[in-house]
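Dumped target_26.cif below, it's mmCIF, C-alpha atoms and all ligand atoms:
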```cif
data_work
#
loop_
_atom_site.label_atom_id
_atom_site.label_comp_id
_atom_site.auth_asym_id
_atom_site.auth_seq_id
_atom_site.Cartn_x
_atom_site.Cartn_y
_atom_site.Cartn_z
CA MET A 242 103.91 43.92 -37.52
CA ARG A 243 107.67 44.25 -37.21
CA PRO A 244 109.45 41.73 -34.98
CA ALA A 245 110.43 42.62 -31.45
CA ASN A 246 114.02 42.39 -30.23
CA LYS A 247 115.47 39.18 -31.61
CA VAL A 248 117.37 38.11 -28.51
CA TYR A 249 114.59 38.59 -26.00
CA SER A 250 111.68 37.51 -28.19
CA ALA A 251 113.41 34.16 -28.83
CA LEU A 252 113.73 33.37 -25.12
CA GLY A 253 111.40 30.99 -23.33
CA THR A 254 110.30 31.22 -19.70
CA THR A 255 113.27 30.55 -17.40
CA ILE A 256 113.69 26.99 -16.21
CA PHE A 257 113.40 28.23 -12.60
CA THR A 258 109.91 29.58 -13.21
CA VAL A 259 108.89 26.48 -15.18
CA MET A 260 110.02 24.02 -12.49
CA SER A 261 108.67 26.10 -9.60
CA ALA A 262 105.25 26.18 -11.30
CA LEU A 263 105.36 22.42 -11.87
CA ALA A 264 106.36 21.90 -8.23
CA THR A 265 103.37 23.95 -7.06
CA GLU A 266 101.00 22.16 -9.43
CA HIS A 267 102.05 18.76 -8.08
CA GLY A 268 102.52 19.72 -4.44
CA ALA A 269 106.21 18.81 -4.71
CA ILE A 270 109.05 19.83 -2.41
CA ASN A 271 110.80 22.47 -4.48
CA LEU A 272 114.53 21.73 -4.64
CA GLY A 273 114.62 23.49 -8.02
CA GLN A 274 114.87 27.27 -7.83
CA GLY A 275 117.56 28.35 -5.36
CA PHE A 276 116.09 30.14 -2.38
CA PRO A 277 116.26 29.48 1.36
CA ASP A 278 113.05 28.49 3.13
CA ASP A 279 113.65 30.62 6.18
CA GLU A 280 113.24 34.34 6.60
CA GLY A 281 116.88 35.41 6.97
CA PRO A 282 118.53 37.02 10.04
CA ASP A 283 116.10 38.78 12.41
CA ASP A 284 118.49 41.64 13.16
CA VAL A 285 119.03 42.48 9.50
CA ARG A 286 115.28 42.48 8.89
CA ALA A 287 114.74 44.61 12.01
CA ALA A 288 117.31 47.10 10.68
CA ALA A 289 115.34 47.28 7.42
CA ALA A 290 112.03 47.76 9.23
CA LYS A 291 113.47 50.57 11.32
CA ALA A 292 115.03 52.26 8.29
CA LEU A 293 111.75 52.03 6.44
CA LEU A 294 109.87 53.72 9.27
CA ASP A 295 112.52 56.30 10.13
CA GLY A 296 113.28 57.17 6.48
CA PRO A 297 114.48 58.70 4.33
CA ASN A 298 112.43 56.90 1.71
CA GLN A 299 113.09 59.14 -1.29
CA TYR A 300 115.60 58.46 -4.04
CA PRO A 301 118.96 57.56 -2.54
CA PRO A 302 122.15 58.57 -4.37
CA MET A 303 122.54 56.91 -7.76
CA MET A 304 125.69 55.03 -6.72
CA GLY A 305 124.04 53.76 -3.52
CA LEU A 306 123.85 54.90 0.11
CA PRO A 307 127.30 55.96 1.38
CA ALA A 308 126.83 53.62 4.38
CA LEU A 309 126.44 50.60 2.12
CA ARG A 310 129.24 51.58 -0.26
CA GLN A 311 131.51 52.03 2.77
CA ALA A 312 130.40 48.65 4.12
CA VAL A 313 131.13 46.95 0.78
CA ALA A 314 134.58 48.56 0.65
CA ALA A 315 135.23 47.47 4.26
CA ALA A 316 134.12 43.90 3.47
CA ASN A 317 136.52 43.81 0.51
CA LYS A 318 139.34 44.74 2.89
CA ARG A 319 138.27 42.45 5.71
CA PHE A 320 137.71 39.30 3.66
CA TYR A 321 140.21 39.69 0.81
CA GLY A 322 142.67 42.46 1.76
CA LEU A 323 141.47 44.63 -1.14
CA ASP A 324 141.85 48.40 -0.77
CA VAL A 325 138.79 49.98 -2.35
CA ASP A 326 137.76 53.63 -2.66
CA TRP A 327 134.09 53.50 -1.64
CA GLN A 328 133.26 56.69 -3.51
CA LYS A 329 134.68 55.77 -6.89
CA GLU A 330 134.91 52.00 -6.85
CA VAL A 331 131.66 50.68 -5.37
CA MET A 332 128.13 50.82 -6.75
CA VAL A 333 124.87 49.38 -5.40
CA THR A 334 122.39 47.69 -7.76
CA SER A 335 118.98 46.05 -7.62
CA GLY A 336 120.41 42.55 -7.23
CA ALA A 337 123.37 40.87 -8.85
CA THR A 338 121.16 40.35 -11.89
CA GLU A 339 121.17 44.09 -12.52
CA ALA A 340 124.87 44.30 -11.68
CA LEU A 341 125.63 41.66 -14.32
CA HIS A 342 123.58 43.54 -16.87
CA ASP A 343 125.23 46.87 -16.04
CA CYS A 344 128.77 45.46 -16.19
CA LEU A 345 128.24 43.55 -19.43
CA MET A 346 126.52 46.47 -21.14
CA ALA A 347 129.25 48.81 -19.92
CA LEU A 348 132.05 46.72 -21.41
CA LEU A 349 130.70 45.14 -24.58
CA ASN A 350 130.43 46.53 -28.10
CA PRO A 351 128.86 44.79 -31.08
CA GLY A 352 131.36 42.34 -32.54
CA ASP A 353 133.15 41.71 -29.21
CA GLU A 354 133.42 38.21 -27.81
CA ALA A 355 132.66 37.18 -24.23
CA ILE A 356 133.84 33.87 -22.83
CA ILE A 357 131.60 32.00 -20.41
CA PHE A 358 132.03 28.63 -18.75
CA GLU A 359 129.23 26.11 -19.17
CA PRO A 360 127.14 25.03 -17.35
CA ALA A 361 126.42 28.75 -16.94
CA TYR A 362 123.86 30.78 -15.02
CA ASP A 363 121.04 31.58 -17.41
CA SER A 364 121.15 35.38 -17.47
CA TYR A 365 124.65 35.73 -18.98
CA ARG A 366 124.02 34.72 -22.59
CA PRO A 367 120.99 36.91 -23.39
CA VAL A 368 122.59 40.05 -21.98
CA ILE A 369 125.84 39.47 -23.88
CA GLU A 370 123.88 38.87 -27.08
CA ALA A 371 121.61 41.86 -26.51
CA ALA A 372 124.78 43.98 -26.42
CA GLY A 373 125.54 42.64 -29.91
CA ALA A 374 128.48 40.57 -28.68
CA LYS A 375 129.14 36.91 -29.28
CA VAL A 376 129.19 34.26 -26.55
CA VAL A 377 132.11 31.85 -26.69
CA ALA A 378 131.28 28.98 -24.35
CA VAL A 379 133.95 26.80 -22.78
CA PRO A 380 132.36 23.62 -21.43
CA LEU A 381 133.53 22.14 -18.14
CA GLU A 382 133.19 18.41 -18.00
CA PRO A 383 131.55 16.28 -15.35
CA PRO A 384 132.23 14.78 -12.94
CA HIS A 385 135.30 16.87 -11.95
CA TRP A 386 134.47 20.11 -13.76
CA SER A 387 138.10 21.13 -13.99
CA LEU A 388 139.03 23.94 -16.35
CA PRO A 389 140.19 22.64 -19.75
CA LEU A 390 143.13 24.98 -20.27
CA ASP A 391 143.65 24.08 -23.92
CA ARG A 392 140.01 24.84 -24.73
CA LEU A 393 140.16 28.05 -22.75
CA GLU A 394 143.26 29.19 -24.59
CA ALA A 395 141.62 28.34 -27.91
CA ALA A 396 138.52 30.32 -26.91
CA PHE A 397 140.49 33.56 -26.58
CA SER A 398 140.94 35.71 -29.69
CA ASP A 399 141.81 39.31 -30.42
CA ARG A 400 138.08 40.03 -30.19
CA THR A 401 137.79 38.69 -26.62
CA LYS A 402 136.59 41.60 -24.52
CA LEU A 403 135.84 39.78 -21.31
CA VAL A 404 135.57 36.51 -19.44
CA LEU A 405 132.64 35.87 -17.13
CA VAL A 406 133.94 34.02 -14.09
CA ASN A 407 131.37 32.64 -11.65
CA THR A 408 132.99 31.27 -8.53
CA PRO A 409 131.60 29.58 -6.46
CA MET A 410 129.76 28.36 -9.51
CA ASN A 411 126.05 27.87 -10.01
CA PRO A 412 124.81 25.20 -10.90
CA ILE A 413 127.66 22.81 -10.03
CA GLY A 414 129.08 24.10 -6.75
CA LYS A 415 132.59 24.37 -8.18
CA VAL A 416 135.04 26.69 -6.41
CA PHE A 417 137.79 27.83 -8.78
CA THR A 418 141.33 27.12 -7.57
CA ARG A 419 144.12 29.67 -7.47
CA ASP A 420 145.86 27.85 -10.34
CA GLU A 421 142.74 28.00 -12.49
CA LEU A 422 142.29 31.70 -11.75
CA ALA A 423 145.96 32.34 -12.52
CA ALA A 424 145.55 30.64 -15.90
CA ILE A 425 142.54 32.84 -16.66
CA ALA A 426 144.46 35.94 -15.52
CA ALA A 427 147.45 35.13 -17.76
CA LEU A 428 145.18 34.82 -20.81
CA MET A 429 143.34 38.03 -19.92
CA GLU A 430 146.63 39.92 -19.79
CA ARG A 431 147.84 38.38 -23.03
CA HIS A 432 144.63 39.40 -24.81
CA ASP A 433 144.01 42.66 -22.96
CA ALA A 434 140.65 41.38 -21.69
CA TYR A 435 138.47 42.18 -18.67
CA ALA A 436 136.60 39.87 -16.30
CA VAL A 437 133.09 40.17 -14.92
CA CYS A 438 133.26 38.16 -11.71
CA ASP A 439 129.96 36.79 -10.44
CA GLU A 440 130.80 36.08 -6.82
CA VAL A 441 127.31 36.06 -5.33
CA TYR A 442 128.12 32.83 -3.43
CA GLU A 443 131.39 34.22 -2.02
CA HIS A 444 130.45 33.38 1.58
CA LEU A 445 128.86 30.01 0.82
CA VAL A 446 132.02 27.92 0.60
CA PHE A 447 132.56 24.70 2.50
CA SER A 448 135.43 23.39 4.57
CA GLY A 449 138.67 22.67 2.82
CA HIS A 450 137.95 25.32 0.18
CA ILE A 451 138.40 29.06 0.06
CA HIS A 452 136.88 31.67 -2.14
CA ILE A 453 139.50 33.64 -4.07
CA PRO A 454 138.33 36.71 -5.97
CA LEU A 455 140.08 36.89 -9.35
CA MET A 456 140.54 40.58 -8.55
CA THR A 457 143.11 39.71 -5.85
CA LEU A 458 145.52 38.11 -8.34
CA PRO A 459 148.49 40.12 -9.63
CA GLY A 460 147.52 42.49 -12.43
CA MET A 461 143.79 41.83 -11.99
CA ARG A 462 142.76 44.76 -9.78
CA GLU A 463 142.33 47.02 -12.85
CA ARG A 464 140.66 44.41 -15.05
CA CYS A 465 137.91 42.92 -12.86
CA LEU A 466 134.39 43.94 -11.97
CA ARG A 467 133.44 41.93 -8.88
CA ILE A 468 129.76 41.34 -8.09
CA GLY A 469 128.21 40.38 -4.74
CA SER A 470 124.61 39.87 -3.59
CA ALA A 471 122.95 40.46 -0.24
CA GLY A 472 120.36 37.93 -1.39
CA LYS A 473 122.88 35.13 -0.91
CA THR A 474 124.99 36.62 1.89
CA PHE A 475 121.94 37.20 4.12
CA SER A 476 119.57 34.52 2.80
CA LEU A 477 117.21 37.27 1.62
CA THR A 478 116.89 36.51 -2.08
CA GLY A 479 113.78 38.65 -2.48
CA TRP A 480 115.57 41.82 -1.46
CA LYS A 481 117.53 42.14 -4.69
CA ILE A 482 120.42 44.18 -3.37
CA GLY A 483 123.66 43.67 -5.28
CA TYR A 484 126.97 45.50 -5.38
CA VAL A 485 129.80 45.94 -7.84
CA THR A 486 133.41 46.66 -6.95
CA GLY A 487 135.80 47.71 -9.70
CA PRO A 488 138.47 50.17 -10.78
CA ALA A 489 137.26 53.76 -11.14
CA HIS A 490 138.01 53.88 -14.87
CA LEU A 491 135.48 51.07 -15.48
CA MET A 492 133.00 52.02 -12.77
CA GLU A 493 132.31 55.34 -14.48
CA THR A 494 130.72 53.55 -17.42
CA VAL A 495 129.08 50.87 -15.26
CA ALA A 496 127.40 53.72 -13.35
CA LYS A 497 126.11 55.20 -16.59
CA THR A 498 124.46 51.92 -17.46
CA HIS A 499 122.90 51.66 -14.01
CA GLN A 500 121.53 55.20 -14.15
CA PHE A 501 119.26 54.20 -17.02
CA VAL A 502 118.33 50.73 -15.81
CA THR A 503 117.10 51.35 -12.26
CA PHE A 504 119.00 54.51 -11.25
CA THR A 505 118.81 53.41 -7.62
CA THR A 506 117.56 50.86 -5.10
CA ALA A 507 115.31 50.89 -2.00
CA PRO A 508 117.16 52.88 0.69
CA GLY A 509 115.81 50.98 3.72
CA LEU A 510 117.10 47.69 2.35
CA GLN A 511 120.44 49.28 1.52
CA SER A 512 120.94 50.48 5.08
CA ALA A 513 120.02 47.08 6.49
CA VAL A 514 122.57 45.41 4.21
CA ALA A 515 125.19 47.94 5.36
CA TYR A 516 124.41 46.83 8.93
CA GLY A 517 124.59 43.17 7.89
CA LEU A 518 127.96 43.40 6.17
CA ALA A 519 129.45 44.68 9.41
CA LYS A 520 128.32 41.60 11.36
CA ASP A 521 131.06 39.67 13.11
CA ASP A 522 133.00 36.79 11.61
CA ASP A 523 130.79 34.26 13.44
CA TYR A 524 127.84 35.21 11.28
CA PHE A 525 129.69 34.47 8.04
CA ALA A 526 131.27 31.29 9.40
CA SER A 527 127.99 29.90 10.66
CA LEU A 528 126.21 30.72 7.41
CA ALA A 529 128.73 28.51 5.59
CA SER A 530 128.78 25.75 8.20
CA SER A 531 125.02 25.48 8.41
CA LEU A 532 124.78 25.19 4.62
CA GLU A 533 127.56 22.65 4.60
CA ALA A 534 125.59 20.50 7.05
CA LYS A 535 122.57 20.77 4.75
CA ARG A 536 124.68 19.77 1.77
CA ASP A 537 125.77 16.70 3.72
CA ILE A 538 122.17 15.73 4.55
CA LEU A 539 121.07 15.95 0.93
CA ALA A 540 124.25 14.33 -0.45
CA LYS A 541 123.67 11.36 1.83
CA GLY A 542 119.97 11.22 1.01
CA LEU A 543 120.65 11.24 -2.73
CA ALA A 544 123.36 8.60 -2.38
CA ASP A 545 121.01 6.42 -0.28
CA ALA A 546 118.40 6.74 -3.01
CA GLY A 547 120.94 5.42 -5.50
CA PHE A 548 122.22 8.56 -7.25
CA ASP A 549 125.89 9.14 -8.05
CA VAL A 550 126.40 12.40 -6.22
CA LEU A 551 128.95 14.90 -7.56
CA PRO A 552 131.05 17.07 -5.25
CA ALA A 553 129.67 20.49 -4.28
CA ASP A 554 132.17 22.75 -2.53
CA GLY A 555 130.05 25.90 -2.40
CA THR A 556 126.72 27.56 -3.39
CA TYR A 557 123.20 26.28 -2.66
CA PHE A 558 123.40 23.41 -5.13
CA ILE A 559 124.49 19.83 -5.59
CA SER A 560 124.20 17.80 -8.75
CA ALA A 561 123.64 14.11 -9.12
CA ASP A 562 123.76 11.50 -11.87
CA PHE A 563 120.43 9.66 -12.05
CA ARG A 564 121.50 6.88 -14.44
CA PRO A 565 122.21 4.41 -11.61
CA LEU A 566 118.47 4.61 -10.80
CA GLY A 567 117.80 2.94 -14.14
CA PHE A 568 116.21 6.03 -15.71
CA ASN A 569 117.06 6.22 -19.39
CA GLY A 570 115.39 9.48 -20.47
CA THR A 571 116.82 12.99 -20.57
CA ASP A 572 117.50 15.18 -17.56
CA GLU A 573 114.45 17.27 -18.37
CA GLU A 574 112.26 14.16 -18.46
CA PHE A 575 113.80 13.00 -15.21
CA CYS A 576 113.12 16.30 -13.44
CA ARG A 577 109.52 16.32 -14.63
CA GLU A 578 109.11 12.68 -13.59
CA ILE A 579 110.41 13.19 -10.05
CA THR A 580 108.37 16.37 -9.65
CA MET A 581 105.17 14.56 -10.60
CA LYS A 582 105.84 11.11 -9.12
CA ALA A 583 108.33 11.49 -6.26
CA LYS A 584 106.99 14.99 -5.50
CA VAL A 585 110.47 16.51 -5.41
CA ALA A 586 111.43 19.15 -7.99
CA ALA A 587 114.95 19.67 -9.37
CA ILE A 588 116.51 21.49 -12.34
CA PRO A 589 117.89 19.65 -15.39
CA LEU A 590 121.55 20.56 -15.78
CA SER A 591 121.35 20.80 -19.57
CA ALA A 592 119.30 23.99 -19.04
CA PHE A 593 122.60 25.70 -18.23
CA TYR A 594 124.20 24.79 -21.56
CA SER A 595 123.79 26.19 -25.05
CA SER A 596 125.61 23.35 -26.73
CA PRO A 597 123.59 20.40 -28.05
CA ASP A 598 126.15 18.05 -26.52
CA ALA A 599 125.35 19.12 -22.98
CA PRO A 600 125.31 16.28 -20.45
CA ARG A 601 121.78 14.95 -20.08
CA HIS A 602 122.18 12.69 -17.08
CA LEU A 603 122.46 15.21 -14.25
CA ALA A 604 119.95 17.04 -12.07
CA ARG A 605 120.65 20.03 -9.82
CA PHE A 606 119.15 19.92 -6.32
CA CYS A 607 119.00 22.91 -3.99
CA PHE A 608 119.88 22.22 -0.34
CA CYS A 609 119.23 25.57 1.38
CA LYS A 610 116.10 24.14 3.01
CA GLN A 611 115.14 23.04 6.51
CA ASP A 612 116.77 19.77 7.54
CA ALA A 613 113.40 18.02 7.88
CA ILE A 614 112.48 19.03 4.33
CA LEU A 615 115.78 17.66 3.02
CA GLU A 616 115.17 14.39 4.92
CA GLU A 617 111.64 14.15 3.56
CA ALA A 618 112.81 14.84 -0.03
CA SER A 619 115.48 12.16 0.38
CA ALA A 620 112.91 9.64 1.63
CA ARG A 621 110.59 10.43 -1.28
CA LEU A 622 113.38 9.99 -3.81
CA LYS A 623 114.41 6.72 -2.21
CA ALA A 624 110.85 5.41 -2.39
CA PHE A 625 110.62 6.57 -6.02
CA ALA A 626 113.91 4.86 -6.89
CA ARG A 627 112.62 1.62 -5.41
CA GLY A 628 109.52 1.88 -7.53
CA GLY A 629 107.31 2.43 -4.47
CA ALA A 630 104.78 5.19 -3.91
CA ALA A 631 106.32 8.48 -2.95
N1 LIG A 701 124.40 34.99 -10.35
C1 LIG A 701 124.21 33.74 -9.94
C2 LIG A 701 125.24 32.71 -10.26
C3 LIG A 701 123.07 33.39 -9.22
O1 LIG A 701 122.88 32.14 -8.83
C4 LIG A 701 122.15 34.41 -8.91
C5 LIG A 701 120.95 34.04 -8.06
N2 LIG A 701 119.78 34.07 -8.65
C6 LIG A 701 122.36 35.69 -9.39
C7 LIG A 701 123.51 35.96 -10.11
C8 LIG A 701 121.39 36.81 -9.18
O2 LIG A 701 121.44 37.33 -7.90
P1 LIG A 701 120.37 38.40 -7.39
O3 LIG A 701 119.22 37.62 -6.84
O4 LIG A 701 121.10 39.21 -6.37
O5 LIG A 701 119.95 39.21 -8.57
N1 LIG A 702 119.72 31.84 -8.82
C1 LIG A 702 118.56 31.04 -8.68
C2 LIG A 702 118.88 29.62 -9.09
O1 LIG A 702 119.86 29.35 -9.74
C3 LIG A 702 117.37 31.44 -9.50
C4 LIG A 702 117.07 32.86 -9.67
C5 LIG A 702 115.92 33.05 -10.60
O2 LIG A 702 114.88 32.44 -10.41
N2 LIG A 702 116.12 33.81 -11.61
O3 LIG A 702 118.10 28.78 -8.75
#
```

Just give me the structure of the file as structure tokens.
Ligand code: PMP
Ligand code: GLN
Amino acid sequence: MRPANKVYSALGTTIFTVMSALATEHGAINLGQGFPDDEGPDDVRAAAAKALLDGPNQYPPMMGLPALRQAVAAANKRFYGLDVDWQKEVMVTSGATEALHDCLMALLNPGDEAIIFEPAYDSYRPVIEAAGAKVVAVPLEPPHWSLPLDRLEAAFSDRTKLVLVNTPMNPIGKVFTRDELAAIAALMERHDAYAVCDEVYEHLVFSGHIHIPLMTLPGMRERCLRIGSAGKTFSLTGWKIGYVTGPAHLMETVAKTHQFVTFTTAPGLQSAVAYGLAKDDDYFASLASSLEAKRDILAKGLADAGFDVLPADGTYFISADFRPLGFNGTDEEFCREITMKAKVAAIPLSAFYSSPDAPRHLARFCFCKQDAILEEASARLKAFARGGAA
């Protein structure tokens, strides 16, 4: 029999699925895969329930419900001062995962190069490669994860079609600074490149830091496709509603990709997200502050257990160096060990690298969980670190 597609057939099961299954098998607290353990805002869910009952429930417009596209355009203005034409410059997708796929497929040709920063979210590489393009990975180095400008400059070539910029960044909680974004923008202009901006954690940024869309920098409005996700903004990861904002000349092709991937997305959920995006500033501020408090609980718990905890300025995730616990194996072995023995699951950070010289001493823990769960996970890890029963 002839082989199936070489990119997809070579892939294993995602690390999120693997660790979630191991967590279930061992009855562990799952701080691996990133999802909140509450049900999300009541009013947004009530809006969805009402829309589902009232209808319409047939195919919505391919670009998305006007109400949601208008709400996305309004949010761009309200949070970042961006003027966006909701009819030509906004499209709704089935999650940011689809949006990433649509944007990458719309921009890349075989032979193009796409720059990503590692550690990188796992869906980027396969989609870039499936488009026939080459991934050029620029590693960020722990513990500070600052952008190595010399390596970035060296990564650009006349084949560079795009840079994938994920800020706030999964898995390390890095929030790109204005200077870093300006350096990326200068190289994009020099090489006539685009950016696909994965900003799903745009509202999950902690005090002292601000989220800056690359699109707001001079010259970048025409070169960026900016992706958001209701999953993260409303703690409803199962809904899979994403949105892309970009210049009309690029959105035309992005829309053509989308029309043959999903064509459209559940209308009731779209109208509830439109309602949600119009919520007052308090909603967005308290989403960030409640997550920040959770980050603090877990950071303290991990430090008490003996980990070296790295900074996390945004997202759902914090990473920690387990070597001070005296564990000498790899990060994958460590995550399996704590899932089975401490009954707390985490994700090995090397899973987000393609390079063989990925760091192997860091684990990613997810903190969007109830405070009591975070306290219990911390206690279990502390007992494990002391060699006691979990
Ligand atoms: N990008 C990043 C960095 C993510 O962490 C996620 C969350 N899984 C996604 C994209 C996908 O978002 P969605 O669930 O809306 O598809
Ligand atoms: N974004 C989630 C994470 O990083 C996982 C999403 C998924 O399971 N594909 O944990």

Within 9 Å of (139.1, 30.7, -24.0) (coordinates as in the file), grab all the protein and nucleic acid residues, counting all atoms listed in the file, and write them out as an NGL selection string. :A and (356-357 or 377-379 or 390-398 or 401 or 404 or 425 or 428)

Exercise on stretch 426-444 of chain A, axis-aligned box with 5 Å per side, report centre and edge lengths in Å to one decimal, as JSON:
```
{"center_x": 137.6, "center_y": 37.7, "center_z": -11.6, "size_x": 30.5, "size_y": 19.8, "size_z": 36.4}
```

Q: Go ahead and compute the interatomic distance for atom CA of A:Ala308 and atom CA of A:Arg286, in Å to one decimal.
A: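 These atoms are spaced 16.7 Å apart.
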
- Residue neighbourhood A:Asp278, 9 Å, only C-alpha atoms, exclusion window fewer than 5 positions, as a VMD selection string: chain A and resid 476 609 to 611

Q: Identify which of the residues A:Leu405, A:Val333, A:Met461, A:Leu445 lies closest to A:Tyr365, counting only C-alpha atoms when measuring atom-to-atom distances.
A: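 Counting only C-alpha atoms, the residue closest to A:Tyr365 is A:Leu405.
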
Residues contacting ligand LIG 701 (chain A) - anything with an atom at most 10 Å away, using all atoms listed in the file - can you give me those as a VMD selection string? chain A and resid 257 274 to 276 334 to 341 361 to 365 406 to 412 438 to 442 468 to 474 477 to 484 556 to 558

The distance between atom CA of A:Leu348 and atom CA of A:Met304 is 18.0 Å

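Taking atom CA of A:Asp612 and atom CA of A:Lys541 as the two end points, the separation is 12.3 Å.
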
Excluding same-chain residues fewer than 3 positions from A:Val376, what lies within 8 Å of it counting all atoms listed in the file, as an mmCIF file with C-alpha atoms, in the frame of the given file?
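This is the output file out.cif:
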```
data_model
loop_
_atom_site.group_PDB
_atom_site.id
_atom_site.type_symbol
_atom_site.label_atom_id
_atom_site.label_comp_id
_atom_site.auth_asym_id
_atom_site.auth_seq_id
_atom_site.Cartn_x
_atom_site.Cartn_y
_atom_site.Cartn_z
ATOM 1 C CA GLU A 354 133.420 38.210 -27.810
ATOM 2 C CA ALA A 355 132.660 37.180 -24.230
ATOM 3 C CA ILE A 356 133.840 33.870 -22.830
ATOM 4 C CA ILE A 357 131.600 32.000 -20.410
ATOM 5 C CA ARG A 366 124.020 34.720 -22.590
ATOM 6 C CA ILE A 369 125.840 39.470 -23.880
ATOM 7 C CA GLU A 370 123.880 38.870 -27.080
#
```

Write out as number ranges by chain each polymer residue whose atoms come within 10 Å of stretch 325-327 of chain A, counting all atoms listed in the file; drop sequence neighbours fewer than 2 positions from it.
A: 304, 307-318, 322-323, 329-332, 462, 486-489

Choose the residue, out of A:Pro360, A:Gly567, A:Pro244, A:Pro301, that has the smallest atom-to-atom separation from ligand LIG 702 (chain A); count all atoms listed in the file.
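Of A:Pro360, A:Gly567, A:Pro244, A:Pro301, the one nearest ligand LIG 702 (chain A) is A:Pro360, counting all atoms listed in the file.
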
So which residues are close to (124.2, 19.0, -22.2), meaning at most 10 Å away in the file's coordinates with all atoms listed in the file counted, and can you show them as a list in words?
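Protein, DNA and RNA residues close to (124.2, 19.0, -22.2): Glu359, Pro360, Pro380, Glu382, Thr571, Asp572, Pro589, Leu590, Ser591, Ala592, Phe593, Tyr594, Ser595, Ser596, Pro597, Asp598, Ala599, Pro600, Arg601, His602 and Leu603 of chain A.
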
(Q) Give me the residues near stretch 259-264 of chain A as a VMD selection string, where near means some atom within 7 Å (using all atoms listed in the file) and where sequence neighbours in that chain fewer than 6 positions away do not count. (A) chain A and resid 270 to 271 273 to 274 580 586 588

Name the closest residue to A:Gln299 among the candidates A:His444, A:Thr506, A:Lys415, A:Asp554; distances are taken between atoms, counting all atoms listed in the file.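 Closest candidate: A:Thr506.
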
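Of the listed residues A:Ser512, A:Gln328, A:Ser250, A:Thr258, the one whose atoms come nearest to ligand LIG 702 (chain A) is A:Thr258, with distances taken using all atoms listed in the file.
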
For this session: Write out as a ChimeraX atom specification the residues lying within 7 Å of A:Thr498, counting only C-alpha atoms and excluding same-chain residues fewer than 4 positions away.
Result: /A:343,346-347,494,502

| query | Using only C-alpha atoms and all ligand atoms, which of the listed residues (A:Ile559, A:Ile451, A:Leu528, A:Ala515) sits closest to ligand LIG 702 (chain A)? | reply |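 Ranked by minimum distance to ligand LIG 702 (chain A), first place goes to A:Ile559.
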